[in-house]
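Here's entry_39.pdb, which has PDB, C-alpha atoms and all ligand atoms:
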```pdb
ATOM      1  CA  MET A   1      30.953 -25.696 -14.919
ATOM      2  CA  MET A   2      28.768 -24.773 -11.940
ATOM      3  CA  LEU A   3      26.095 -22.139 -12.524
ATOM      4  CA  HIS A   4      27.805 -19.943  -9.929
ATOM      5  CA  ASP A   5      31.113 -19.914 -11.892
ATOM      6  CA  ARG A   6      29.409 -19.485 -15.248
ATOM      7  CA  ILE A   7      27.516 -16.431 -14.033
ATOM      8  CA  GLU A   8      30.629 -14.847 -12.529
ATOM      9  CA  GLN A   9      32.489 -15.398 -15.797
ATOM     10  CA  LEU A  10      29.662 -14.065 -17.973
ATOM     11  CA  PHE A  11      29.142 -11.068 -15.700
ATOM     12  CA  ALA A  12      32.810 -10.147 -16.124
ATOM     13  CA  GLN A  13      32.517 -10.098 -19.926
ATOM     14  CA  PRO A  14      32.247  -6.578 -21.404
ATOM     15  CA  PRO A  15      28.612  -5.993 -22.505
ATOM     16  CA  ASP A  16      29.527  -5.800 -26.226
ATOM     17  CA  LYS A  17      31.478  -9.090 -26.015
ATOM     18  CA  LEU A  18      28.847 -10.946 -23.986
ATOM     19  CA  ASP A  19      28.200 -14.528 -25.101
ATOM     20  CA  ARG A  20      24.421 -13.973 -25.269
ATOM     21  CA  PRO A  21      23.229 -17.577 -25.796
ATOM     22  CA  ALA A  22      25.360 -18.804 -22.866
ATOM     23  CA  ALA A  23      24.236 -15.876 -20.711
ATOM     24  CA  LEU A  24      20.557 -16.471 -21.504
ATOM     25  CA  GLN A  25      20.963 -20.143 -20.694
ATOM     26  CA  ALA A  26      22.602 -19.332 -17.355
ATOM     27  CA  PHE A  27      20.004 -16.695 -16.482
ATOM     28  CA  ASN A  28      17.119 -19.071 -17.272
ATOM     29  CA  GLU A  29      18.691 -21.722 -15.038
ATOM     30  CA  LEU A  30      19.128 -19.147 -12.284
ATOM     31  CA  ARG A  31      15.443 -18.154 -12.527
ATOM     32  CA  PHE A  32      14.445 -21.803 -12.291
ATOM     33  CA  PHE A  33      16.437 -22.299  -9.084
ATOM     34  CA  LEU A  34      15.263 -18.979  -7.611
ATOM     35  CA  ASN A  35      11.649 -19.992  -8.289
ATOM     36  CA  ASN A  36      11.921 -23.215  -6.364
ATOM     37  CA  GLY A  37      14.018 -21.677  -3.592
ATOM     38  CA  GLU A  38      17.090 -23.851  -4.209
ATOM     39  CA  VAL A  39      19.236 -20.792  -4.880
ATOM     40  CA  ARG A  40      18.975 -17.674  -2.719
ATOM     41  CA  ALA A  41      20.651 -14.275  -2.694
ATOM     42  CA  ALA A  42      21.545 -14.920   0.953
ATOM     43  CA  VAL A  43      21.302 -18.085   3.021
ATOM     44  CA  PRO A  44      21.175 -18.676   6.754
ATOM     45  CA  SER A  45      24.528 -20.194   7.683
ATOM     46  CA  ALA A  46      26.877 -20.592  10.608
ATOM     47  CA  ALA A  47      29.863 -21.015   8.252
ATOM     48  CA  VAL A  48      33.020 -18.927   8.652
ATOM     49  CA  GLY A  49      32.476 -15.370   7.400
ATOM     50  CA  ASN A  50      28.761 -15.297   8.172
ATOM     51  CA  VAL A  51      27.241 -11.945   9.082
ATOM     52  CA  ALA A  52      24.623 -12.228  11.834
ATOM     53  CA  GLY A  53      23.989 -15.804  10.714
ATOM     54  CA  TRP A  54      23.797 -15.116   6.969
ATOM     55  CA  ILE A  55      26.083 -15.655   3.964
ATOM     56  CA  VAL A  56      25.462 -13.518   0.882
ATOM     57  CA  ASN A  57      25.753 -15.007  -2.611
ATOM     58  CA  PRO A  58      26.836 -11.972  -4.668
ATOM     59  CA  TRP A  59      26.753 -14.040  -7.864
ATOM     60  CA  VAL A  60      22.936 -14.230  -7.612
ATOM     61  CA  LYS A  61      22.699 -10.470  -7.941
ATOM     62  CA  GLN A  62      25.219 -10.611 -10.804
ATOM     63  CA  GLY A  63      23.022 -13.200 -12.546
ATOM     64  CA  ILE A  64      19.946 -11.012 -12.134
ATOM     65  CA  LEU A  65      21.803  -7.993 -13.524
ATOM     66  CA  LEU A  66      22.835 -10.154 -16.488
ATOM     67  CA  GLY A  67      19.141 -10.896 -17.067
ATOM     68  CA  PHE A  68      18.349  -7.176 -17.146
ATOM     69  CA  ARG A  69      21.234  -6.597 -19.544
ATOM     70  CA  LEU A  70      20.019  -9.354 -21.874
ATOM     71  CA  GLY A  71      16.378  -8.328 -21.962
ATOM     72  CA  GLU A  72      14.743  -6.371 -24.733
ATOM     73  CA  ILE A  73      11.494  -4.498 -24.244
ATOM     74  CA  ALA A  74       8.663  -6.906 -24.961
ATOM     75  CA  ASP A  75       4.892  -6.571 -25.095
ATOM     76  CA  PHE A  76       3.220  -8.225 -22.094
ATOM     77  CA  SER A  77      -0.201  -6.691 -22.743
ATOM     78  CA  LEU A  78      -3.284  -8.535 -21.500
ATOM     79  CA  SER A  79      -5.643  -6.800 -23.891
ATOM     80  CA  ASP A  80      -5.958  -3.655 -25.945
ATOM     81  CA  SER A  81      -6.681  -1.602 -22.854
ATOM     82  CA  MET A  82      -4.406  -3.357 -20.322
ATOM     83  CA  ARG A  83      -1.022  -2.748 -21.852
ATOM     84  CA  PHE A  84       2.296  -3.647 -20.237
ATOM     85  CA  PHE A  85       5.860  -3.532 -21.516
ATOM     86  CA  ASP A  86       8.891  -4.965 -19.767
ATOM     87  CA  LYS A  87      12.216  -6.663 -20.382
ATOM     88  CA  SER A  88      11.679  -9.937 -22.205
ATOM     89  CA  THR A  89      13.842 -11.735 -19.632
ATOM     90  CA  LEU A  90      11.671 -10.638 -16.693
ATOM     91  CA  PRO A  91       8.248 -12.242 -17.098
ATOM     92  CA  LEU A  92       5.850 -12.779 -14.226
ATOM     93  CA  ARG A  93       5.789 -16.049 -12.344
ATOM     94  CA  LYS A  94       3.407 -18.659 -13.664
ATOM     95  CA  LEU A  95       1.895 -19.526 -10.299
ATOM     96  CA  THR A  96      -0.777 -22.223 -10.086
ATOM     97  CA  VAL A  97      -3.054 -23.383  -7.240
ATOM     98  CA  ASP A  98      -0.525 -26.146  -6.577
ATOM     99  CA  HIS A  99       1.889 -23.548  -5.186
ATOM    100  CA  HIS A 100      -0.567 -23.084  -2.253
ATOM    101  CA  VAL A 101      -0.261 -19.330  -2.125
ATOM    102  CA  ARG A 102      -3.046 -16.775  -2.236
ATOM    103  CA  VAL A 103      -2.643 -13.875  -4.625
ATOM    104  CA  VAL A 104      -5.789 -11.826  -4.114
ATOM    105  CA  PRO A 105      -6.967 -10.249  -7.384
ATOM    106  CA  GLY A 106      -6.119  -6.627  -8.064
ATOM    107  CA  GLY A 107      -2.844  -5.318  -9.348
ATOM    108  CA  SER A 108      -0.157  -7.417  -7.649
ATOM    109  CA  SER A 109       2.852  -8.859  -9.428
ATOM    110  CA  VAL A 110       5.332 -11.585  -8.626
ATOM    111  CA  ARG A 111       8.259 -11.587 -10.999
ATOM    112  CA  ASP A 112       9.594 -14.894 -12.204
ATOM    113  CA  GLY A 113      12.661 -15.770 -10.122
ATOM    114  CA  ALA A 114      10.977 -15.057  -6.773
ATOM    115  CA  TYR A 115      10.272 -17.879  -4.320
ATOM    116  CA  LEU A 116       6.955 -17.996  -2.448
ATOM    117  CA  GLY A 117       6.529 -20.624   0.263
ATOM    118  CA  PRO A 118       3.207 -22.365   0.831
ATOM    119  CA  SER A 119       0.447 -20.366   2.551
ATOM    120  CA  VAL A 120       1.925 -17.001   1.615
ATOM    121  CA  VAL A 121      -0.870 -14.434   1.247
ATOM    122  CA  MET A 122      -0.542 -11.349  -0.953
ATOM    123  CA  MET A 123      -3.074  -8.549  -0.722
ATOM    124  CA  PRO A 124      -3.248  -6.171  -3.669
ATOM    125  CA  PRO A 125      -1.424  -4.178  -4.740
ATOM    126  CA  ALA A 126       1.908  -5.739  -3.834
ATOM    127  CA  PHE A 127       5.086  -6.281  -5.801
ATOM    128  CA  ILE A 128       7.592  -9.082  -5.322
ATOM    129  CA  ASN A 129      10.724  -8.567  -7.325
ATOM    130  CA  ILE A 130      13.146 -11.068  -8.830
ATOM    131  CA  GLY A 131      15.448 -12.819  -6.361
ATOM    132  CA  ALA A 132      13.077 -12.274  -3.427
ATOM    133  CA  TYR A 133      12.507 -15.246  -1.119
ATOM    134  CA  VAL A 134       9.302 -15.247   0.933
ATOM    135  CA  ASP A 135       8.942 -18.199   3.244
ATOM    136  CA  ALA A 136       5.848 -20.134   4.296
ATOM    137  CA  GLY A 137       2.920 -18.460   5.994
ATOM    138  CA  THR A 138       4.030 -14.866   5.439
ATOM    139  CA  MET A 139       1.389 -12.168   4.907
ATOM    140  CA  ILE A 140       2.163  -9.360   2.489
ATOM    141  CA  ASP A 141      -0.466  -6.708   2.952
ATOM    142  CA  SER A 142      -1.607  -4.043   0.491
ATOM    143  CA  HIS A 143       0.894  -1.578  -0.975
ATOM    144  CA  ALA A 144       3.812  -3.646   0.313
ATOM    145  CA  LEU A 145       7.051  -4.169  -1.589
ATOM    146  CA  VAL A 146       9.440  -7.082  -1.341
ATOM    147  CA  GLY A 147      12.419  -5.717  -3.242
ATOM    148  CA  SER A 148      14.879  -7.662  -5.352
ATOM    149  CA  CYS A 149      16.736 -10.377  -3.423
ATOM    150  CA  ALA A 150      15.041  -9.511  -0.082
ATOM    151  CA  GLN A 151      14.897 -12.588   2.152
ATOM    152  CA  VAL A 152      11.761 -12.909   4.266
ATOM    153  CA  GLY A 153      11.289 -15.673   6.810
ATOM    154  CA  LYS A 154       8.314 -17.737   7.906
ATOM    155  CA  ARG A 155       5.126 -16.214   9.380
ATOM    156  CA  VAL A 156       6.382 -12.664   8.866
ATOM    157  CA  HIS A 157       3.709  -9.975   8.812
ATOM    158  CA  LEU A 158       4.453  -7.223   6.341
ATOM    159  CA  SER A 159       1.728  -4.682   7.113
ATOM    160  CA  ALA A 160       0.035  -2.345   4.686
ATOM    161  CA  GLY A 161       2.469   0.024   3.007
ATOM    162  CA  ALA A 162       5.595  -1.674   4.388
ATOM    163  CA  GLN A 163       8.588  -1.593   2.078
ATOM    164  CA  LEU A 164      11.592  -3.893   1.908
ATOM    165  CA  GLY A 165      14.158  -2.334  -0.378
ATOM    166  CA  GLY A 166      15.929  -4.197  -3.141
ATOM    167  CA  VAL A 167      19.573  -4.895  -3.680
ATOM    168  CA  LEU A 168      19.886  -3.751  -7.286
ATOM    169  CA  GLU A 169      19.742   0.019  -6.819
ATOM    170  CA  PRO A 170      21.538   1.854  -5.413
ATOM    171  CA  VAL A 171      24.326  -0.683  -5.817
ATOM    172  CA  ASN A 172      23.968  -2.531  -2.527
ATOM    173  CA  GLY A 173      25.872  -5.678  -1.717
ATOM    174  CA  MET A 174      23.657  -7.126   0.953
ATOM    175  CA  PRO A 175      19.966  -7.836   0.550
ATOM    176  CA  VAL A 176      17.410  -6.903   3.186
ATOM    177  CA  ILE A 177      16.904  -9.884   5.491
ATOM    178  CA  VAL A 178      13.879 -10.346   7.738
ATOM    179  CA  GLU A 179      13.892 -13.520   9.797
ATOM    180  CA  ASP A 180      11.025 -15.735  11.004
ATOM    181  CA  ASP A 181       8.101 -14.328  12.998
ATOM    182  CA  VAL A 182       9.044 -10.674  12.552
ATOM    183  CA  PHE A 183       6.212  -8.138  12.632
ATOM    184  CA  ILE A 184       6.664  -5.078  10.428
ATOM    185  CA  GLY A 185       4.097  -2.375  11.108
ATOM    186  CA  GLY A 186       2.241  -0.245   8.605
ATOM    187  CA  ASN A 187       4.316   2.096   6.435
ATOM    188  CA  ALA A 188       7.571   0.853   7.919
ATOM    189  CA  GLY A 189      10.555   0.562   5.589
ATOM    190  CA  ILE A 190      13.796  -1.403   5.635
ATOM    191  CA  PHE A 191      16.497  -0.603   3.122
ATOM    192  CA  GLU A 192      20.178  -1.156   2.369
ATOM    193  CA  GLY A 193      20.772  -4.640   3.599
ATOM    194  CA  VAL A 194      19.572  -4.388   7.182
ATOM    195  CA  ILE A 195      19.190  -7.746   8.965
ATOM    196  CA  VAL A 196      16.189  -8.073  11.279
ATOM    197  CA  LYS A 197      16.580 -11.078  13.576
ATOM    198  CA  HIS A 198      13.615 -13.281  14.391
ATOM    199  CA  HIS A 199      10.606 -12.182  16.453
ATOM    200  CA  ALA A 200      11.567  -8.497  16.250
ATOM    201  CA  VAL A 201       8.719  -5.977  16.024
ATOM    202  CA  MET A 202       8.867  -2.707  14.106
ATOM    203  CA  ALA A 203       6.168  -0.223  15.007
ATOM    204  CA  ALA A 204       4.273   1.517  12.260
ATOM    205  CA  GLY A 205       6.410   4.081  10.503
ATOM    206  CA  VAL A 206       9.867   2.882  11.554
ATOM    207  CA  LEU A 207      12.453   3.440   8.838
ATOM    208  CA  LEU A 208      15.785   1.646   8.838
ATOM    209  CA  THR A 209      18.679   2.135   6.462
ATOM    210  CA  GLY A 210      22.249   0.973   6.927
ATOM    211  CA  SER A 211      23.079   4.276   8.596
ATOM    212  CA  THR A 212      20.033   4.821  10.824
ATOM    213  CA  PRO A 213      21.213   4.972  14.451
ATOM    214  CA  VAL A 214      19.120   2.578  16.525
ATOM    215  CA  TYR A 215      19.104   3.469  20.219
ATOM    216  CA  ASP A 216      18.701   0.397  22.400
ATOM    217  CA  VAL A 217      17.471   1.997  25.618
ATOM    218  CA  VAL A 218      17.184  -1.400  27.302
ATOM    219  CA  ASN A 219      20.880  -2.194  26.956
ATOM    220  CA  GLY A 220      22.137   1.377  26.792
ATOM    221  CA  LYS A 221      23.863   1.271  23.403
ATOM    222  CA  VAL A 222      23.536   2.514  19.848
ATOM    223  CA  LEU A 223      23.380   0.039  16.989
ATOM    224  CA  ARG A 224      24.617   1.107  13.575
ATOM    225  CA  GLY A 225      25.659  -0.418  10.306
ATOM    226  CA  SER A 226      28.938   0.426   8.614
ATOM    227  CA  ARG A 227      30.420   0.135   5.146
ATOM    228  CA  THR A 228      31.559  -3.369   5.972
ATOM    229  CA  ALA A 229      28.827  -4.612   8.300
ATOM    230  CA  PRO A 230      25.064  -4.291   8.006
ATOM    231  CA  LEU A 231      22.816  -2.922  10.720
ATOM    232  CA  VAL A 232      21.550  -5.930  12.688
ATOM    233  CA  ILE A 233      18.351  -5.629  14.719
ATOM    234  CA  PRO A 234      18.528  -8.104  17.624
ATOM    235  CA  GLU A 235      15.957 -10.828  18.060
ATOM    236  CA  GLY A 236      12.770  -9.807  19.793
ATOM    237  CA  ALA A 237      13.592  -6.078  19.740
ATOM    238  CA  VAL A 238      10.562  -3.761  19.722
ATOM    239  CA  ILE A 239      11.463  -0.653  17.722
ATOM    240  CA  VAL A 240       9.500   2.570  17.568
ATOM    241  CA  PRO A 241      10.137   5.743  15.568
ATOM    242  CA  GLY A 242      11.825   8.527  17.526
ATOM    243  CA  THR A 243      14.189  11.467  17.313
ATOM    244  CA  ARG A 244      17.577  12.461  18.698
ATOM    245  CA  PRO A 245      18.990  15.924  19.238
ATOM    246  CA  MET A 246      21.514  16.926  16.584
ATOM    247  CA  SER A 247      25.028  17.728  17.761
ATOM    248  CA  GLN A 248      26.202  20.396  15.289
ATOM    249  CA  PRO A 249      26.241  23.877  16.894
ATOM    250  CA  TYR A 250      23.856  25.404  14.347
ATOM    251  CA  ALA A 251      21.422  22.491  14.722
ATOM    252  CA  ARG A 252      21.574  22.830  18.509
ATOM    253  CA  GLU A 253      20.999  26.552  18.286
ATOM    254  CA  GLN A 254      17.918  25.890  16.157
ATOM    255  CA  GLY A 255      16.739  23.073  18.433
ATOM    256  CA  LEU A 256      16.774  20.561  15.575
ATOM    257  CA  SER A 257      16.301  16.835  15.991
ATOM    258  CA  ALA A 258      16.919  14.074  13.465
ATOM    259  CA  TYR A 259      15.095  10.795  13.029
ATOM    260  CA  ALA A 260      16.216   7.838  15.138
ATOM    261  CA  ALA A 261      14.807   4.402  15.732
ATOM    262  CA  ILE A 262      14.478   3.337  19.347
ATOM    263  CA  ILE A 263      14.406  -0.149  20.840
ATOM    264  CA  VAL A 264      12.005   0.551  23.699
ATOM    265  CA  LYS A 265      11.905  -3.009  24.974
ATOM    266  CA  TYR A 266      12.193  -6.627  23.979
ATOM    267  CA  ARG A 267       9.072  -8.526  23.027
ATOM    268  CA  ASP A 268       6.814  -9.467  25.945
ATOM    269  CA  ALA A 269       3.259 -10.723  26.416
ATOM    270  CA  ARG A 270       1.883  -7.244  25.764
ATOM    271  CA  THR A 271       3.691  -7.038  22.415
ATOM    272  CA  ASP A 272       2.476 -10.506  21.506
ATOM    273  CA  ALA A 273      -1.078  -9.339  22.197
ATOM    274  CA  ALA A 274      -0.575  -6.135  20.164
ATOM    275  CA  THR A 275       0.763  -8.054  17.160
ATOM    276  CA  ALA A 276      -1.353 -11.213  17.394
ATOM    277  CA  LEU A 277      -2.556 -12.280  13.982
ATOM    278  CA  GLU A 278      -5.994 -13.480  13.013
ATOM    279  CA  GLU A 279      -5.720 -17.157  12.114
ATOM    280  CA  SER A 280      -8.971 -17.180  10.189
ATOM    281  CA  LEU A 281      -7.515 -14.731   7.638
ATOM    282  CA  ARG A 282      -4.830 -17.216   6.676
TER     283      ARG A 282
HETATM  284  C1  LIG A 301       5.052  -1.546  18.504
HETATM  285  C2  LIG A 301       3.615  -1.916  18.873
HETATM  286  C3  LIG A 301       3.337  -3.326  18.416
HETATM  287  C4  LIG A 301       3.408  -1.765  20.356
HETATM  288  O1  LIG A 301       4.128  -2.765  21.070
HETATM  289  P1  LIG A 301       3.879  -2.976  22.646
HETATM  290  O2  LIG A 301       4.788  -4.055  23.103
HETATM  291  O3  LIG A 301       2.428  -3.104  22.917
HETATM  292  O4  LIG A 301       4.393  -1.567  23.206
HETATM  293  P2  LIG A 301       3.981  -0.845  24.571
HETATM  294  O5  LIG A 301       2.591  -0.302  24.471
HETATM  295  O6  LIG A 301       4.294  -1.729  25.750
HETATM  296  O7  LIG A 301       4.943   0.402  24.546
HETATM  297  C5  LIG A 301       6.319   0.352  24.936
HETATM  298  C6  LIG A 301       6.871   1.762  24.813
HETATM  299  O8  LIG A 301       6.941   2.127  23.424
HETATM  300  C7  LIG A 301       6.126   3.288  23.146
HETATM  301  N1  LIG A 301       5.440   3.030  21.882
HETATM  302  C8  LIG A 301       4.674   1.969  21.577
HETATM  303  N2  LIG A 301       4.260   2.041  20.312
HETATM  304  C9  LIG A 301       4.782   3.178  19.802
HETATM  305  C10 LIG A 301       4.721   3.784  18.536
HETATM  306  N3  LIG A 301       4.028   3.215  17.530
HETATM  307  N4  LIG A 301       5.375   4.941  18.349
HETATM  308  C11 LIG A 301       6.081   5.514  19.347
HETATM  309  N5  LIG A 301       6.181   4.975  20.595
HETATM  310  C12 LIG A 301       5.522   3.812  20.803
HETATM  311  C13 LIG A 301       5.152   3.366  24.299
HETATM  312  O9  LIG A 301       4.710   4.667  24.519
HETATM  313  C14 LIG A 301       5.995   2.835  25.457
HETATM  314  O10 LIG A 301       6.901   3.823  25.879
HETATM  315  P3  LIG A 301       6.743   4.483  27.338
HETATM  316  O11 LIG A 301       6.830   3.326  28.284
HETATM  317  O12 LIG A 301       7.874   5.441  27.407
HETATM  318  O13 LIG A 301       5.379   5.109  27.302
HETATM  319  C15 LIG A 301       2.604  -0.921  18.204
HETATM  320  O14 LIG A 301       2.905   0.408  18.565
HETATM  321  C16 LIG A 301       2.566  -0.967  16.689
HETATM  322  O15 LIG A 301       3.258  -0.238  15.998
HETATM  323  N6  LIG A 301       1.744  -1.872  16.137
HETATM  324  C17 LIG A 301       1.686  -2.073  14.704
HETATM  325  C18 LIG A 301       0.399  -1.508  14.147
HETATM  326  C19 LIG A 301       0.345  -1.778  12.673
HETATM  327  O16 LIG A 301       1.158  -1.307  11.925
HETATM  328  N7  LIG A 301      -0.609  -2.600  12.248
HETATM  329  C20 LIG A 301      -0.673  -3.025  10.885
HETATM  330  C21 LIG A 301      -2.032  -2.919  10.302
HETATM  331  S1  LIG A 301      -2.005  -3.288   8.555
END
```

Whole structure given in structure tokens:
Amino acid sequence: MMLHDRIEQLFAQPPDKLDRPAALQAFNELRFFLNNGEVRAAVPSAAVGNVAGWIVNPWVKQGILLGFRLGEIADFSLSDSMRFFDKSTLPLRKLTVDHHVRVVPGGSSVRDGAYLGPSVVMMPPAFINIGAYVDAGTMIDSHALVGSCAQVGKRVHLSAGAQLGGVLEPVNGMPVIVEDDVFIGGNAGIFEGVIVKHHAVMAAGVLLTGSTPVYDVVNGKVLRGSRTAPLVIPEGAVIVPGTRPMSQPYAREQGLSAYAAIIVKYRDARTDAATALEESLR
């Protein structure tokens, strides 16, 4: 039976009736395929049912949850003074120089079951969770998070403090997706399965969740996600943090504004200059 079907079947078993050896076997296979990038939580696809060019594989998340369920707390300590404890099923990736990535020393972790393309650079501290897919040439700066199952394209710049939320909690269906050549500014955050199309730029401090209204002042419309469709940031959009007046009478009376993200323009030569990356750091 295909791994996909086995995981769906095992996931449906009640926890106390779980066939543990079969589940462990399936989870280990899943980790193997996640490590080499053959299996992904979401894949670019033009097939029927795609959402903004992506198809989600919910069974990948189910497989990862199985792994959490199966794990027992194990000792991962490095020494008597560097002590770590985690689920036995969630070890760190055994990266070698042959993977052609740079993991700069100092408190970063890549969980096993995350794919890193060649020439990825990770500055410490950074955390890449299981199911994440980080494609070639991407820079993950200090204090950045690539949450579980997040899909990150090629040559993305994830600036210091930027956060890509995971799909495991709260119970989200859709991973965060960031396509090729996106620039995510310092302290920006993307959560709840937002899709950022290629070449978009998020200014420092922009926060996007599925329900953040994004005002596109170039095209005169508001972009939003819904329960059934994720928020999709169009290609090349330049988004800055902003506010909008609140409509409730009491809020108006008090002059309150709420956070909004604003597409001020679409990428131009000036943006390219503002986000140009230093080749010699790669
Ligand atoms: C978004 C960014 C790239 C600027 O892009 P740009 O194309 O040069 O933008 P422009 O200067 O042409 O500005 C376009 C409009 O957006 C506004 N704007 C630009 N950056 C803004 C920001 N960060 N916050 C709020 N408004 C901003 C400008 O005021 C301008 O609006 P206006 O015409 O009404 O004055 C830049 O602001 C930014 O955030 N850079 C990332 C910095 C960073 O995080 N570095 C990482 C280091 S680890």

Could you list, as a compact mmCIF listing (two decimals) with C-alpha atoms, in the frame of the given file, all residues that come within 12 Å of ligand LIG 301 (chain A)? Count only C-alpha atoms and all ligand atoms.
```txt
# COMPACT_ATOMS: atom_id res chain seq x y z
CA MET A 123 -3.07 -8.55 -0.72
CA MET A 139 1.39 -12.17 4.91
CA ILE A 140 2.16 -9.36 2.49
CA ASP A 141 -0.47 -6.71 2.95
CA SER A 142 -1.61 -4.04 0.49
CA HIS A 143 0.89 -1.58 -0.98
CA ALA A 144 3.81 -3.65 0.31
CA HIS A 157 3.71 -9.98 8.81
CA LEU A 158 4.45 -7.22 6.34
CA SER A 159 1.73 -4.68 7.11
CA ALA A 160 0.04 -2.35 4.69
CA GLY A 161 2.47 0.02 3.01
CA ALA A 162 5.60 -1.67 4.39
CA VAL A 182 9.04 -10.67 12.55
CA PHE A 183 6.21 -8.14 12.63
CA ILE A 184 6.66 -5.08 10.43
CA GLY A 185 4.10 -2.38 11.11
CA GLY A 186 2.24 -0.24 8.60
CA ASN A 187 4.32 2.10 6.44
CA ALA A 188 7.57 0.85 7.92
CA GLY A 189 10.56 0.56 5.59
CA HIS A 199 10.61 -12.18 16.45
CA ALA A 200 11.57 -8.50 16.25
CA VAL A 201 8.72 -5.98 16.02
CA MET A 202 8.87 -2.71 14.11
CA ALA A 203 6.17 -0.22 15.01
CA ALA A 204 4.27 1.52 12.26
CA GLY A 205 6.41 4.08 10.50
CA VAL A 206 9.87 2.88 11.55
CA LEU A 207 12.45 3.44 8.84
CA ASP A 216 18.70 0.40 22.40
CA VAL A 217 17.47 2.00 25.62
CA VAL A 218 17.18 -1.40 27.30
CA GLY A 236 12.77 -9.81 19.79
CA ALA A 237 13.59 -6.08 19.74
CA VAL A 238 10.56 -3.76 19.72
CA ILE A 239 11.46 -0.65 17.72
CA VAL A 240 9.50 2.57 17.57
CA PRO A 241 10.14 5.74 15.57
CA GLY A 242 11.82 8.53 17.53
CA THR A 243 14.19 11.47 17.31
CA ALA A 260 16.22 7.84 15.14
CA ALA A 261 14.81 4.40 15.73
CA ILE A 262 14.48 3.34 19.35
CA ILE A 263 14.41 -0.15 20.84
CA VAL A 264 12.00 0.55 23.70
CA LYS A 265 11.90 -3.01 24.97
CA TYR A 266 12.19 -6.63 23.98
CA ARG A 267 9.07 -8.53 23.03
CA ASP A 268 6.81 -9.47 25.94
CA ALA A 269 3.26 -10.72 26.42
CA ARG A 270 1.88 -7.24 25.76
CA THR A 271 3.69 -7.04 22.42
CA ASP A 272 2.48 -10.51 21.51
CA ALA A 273 -1.08 -9.34 22.20
CA ALA A 274 -0.57 -6.14 20.16
CA THR A 275 0.76 -8.05 17.16
CA ALA A 276 -1.35 -11.21 17.39
CA LEU A 277 -2.56 -12.28 13.98
CA GLU A 278 -5.99 -13.48 13.01
```

(message) Set the distance at 12 Å and use all atoms listed in the file: which residues neighbour Asp98 in chain A once local chain neighbours fewer than 6 positions away are removed? I'd like the list as a PyMOL selection string.
(response) chain A and resi 116-119

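With distances taken over all atoms listed in the file, A:Pro44 is the one residue among A:Pro44, A:Leu18, A:Arg111, A:Lys87 lying closest to Asp180 in chain A.
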
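Excluding range 145-149 of chain A itself and same-chain residues fewer than 5 positions from it, the residues having an atom within 7 Å of it are Ala41, Ala126, Phe127, Ile128, Asn129, Ile130, Gly131, Ala132, Tyr133, Ala162, Gln163, Leu164, Gly165, Gly166, Val167, Leu168 and Pro175 of chain A, counting all atoms listed in the file.
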
Could the residues in this selection be written to a file with C-alpha atoms, as a tab-separated table (two decimals), in the frame of the given file?
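Produced file part-v6.tsv, reproduced below:
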```tsv
chain	number	residue	atom	x	y	z
A	41	ALA	CA	20.65	-14.28	-2.69
A	126	ALA	CA	1.91	-5.74	-3.83
A	127	PHE	CA	5.09	-6.28	-5.80
A	128	ILE	CA	7.59	-9.08	-5.32
A	129	ASN	CA	10.72	-8.57	-7.32
A	130	ILE	CA	13.15	-11.07	-8.83
A	131	GLY	CA	15.45	-12.82	-6.36
A	132	ALA	CA	13.08	-12.27	-3.43
A	133	TYR	CA	12.51	-15.25	-1.12
A	162	ALA	CA	5.60	-1.67	4.39
A	163	GLN	CA	8.59	-1.59	2.08
A	164	LEU	CA	11.59	-3.89	1.91
A	165	GLY	CA	14.16	-2.33	-0.38
A	166	GLY	CA	15.93	-4.20	-3.14
A	167	VAL	CA	19.57	-4.89	-3.68
A	168	LEU	CA	19.89	-3.75	-7.29
A	175	PRO	CA	19.97	-7.84	0.55
```

(request) Run the PyMOL selection byres (((chain A and resi 57) around 8) and not hetatm) against the file shown and list the residues it catches, as a PyMOL selection string. (result) chain A and resi 40-43+55-56+58-61

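For the pair CA of Trp54 in chain A and CA of Val214 in chain A, the separation is 20.6 Å.
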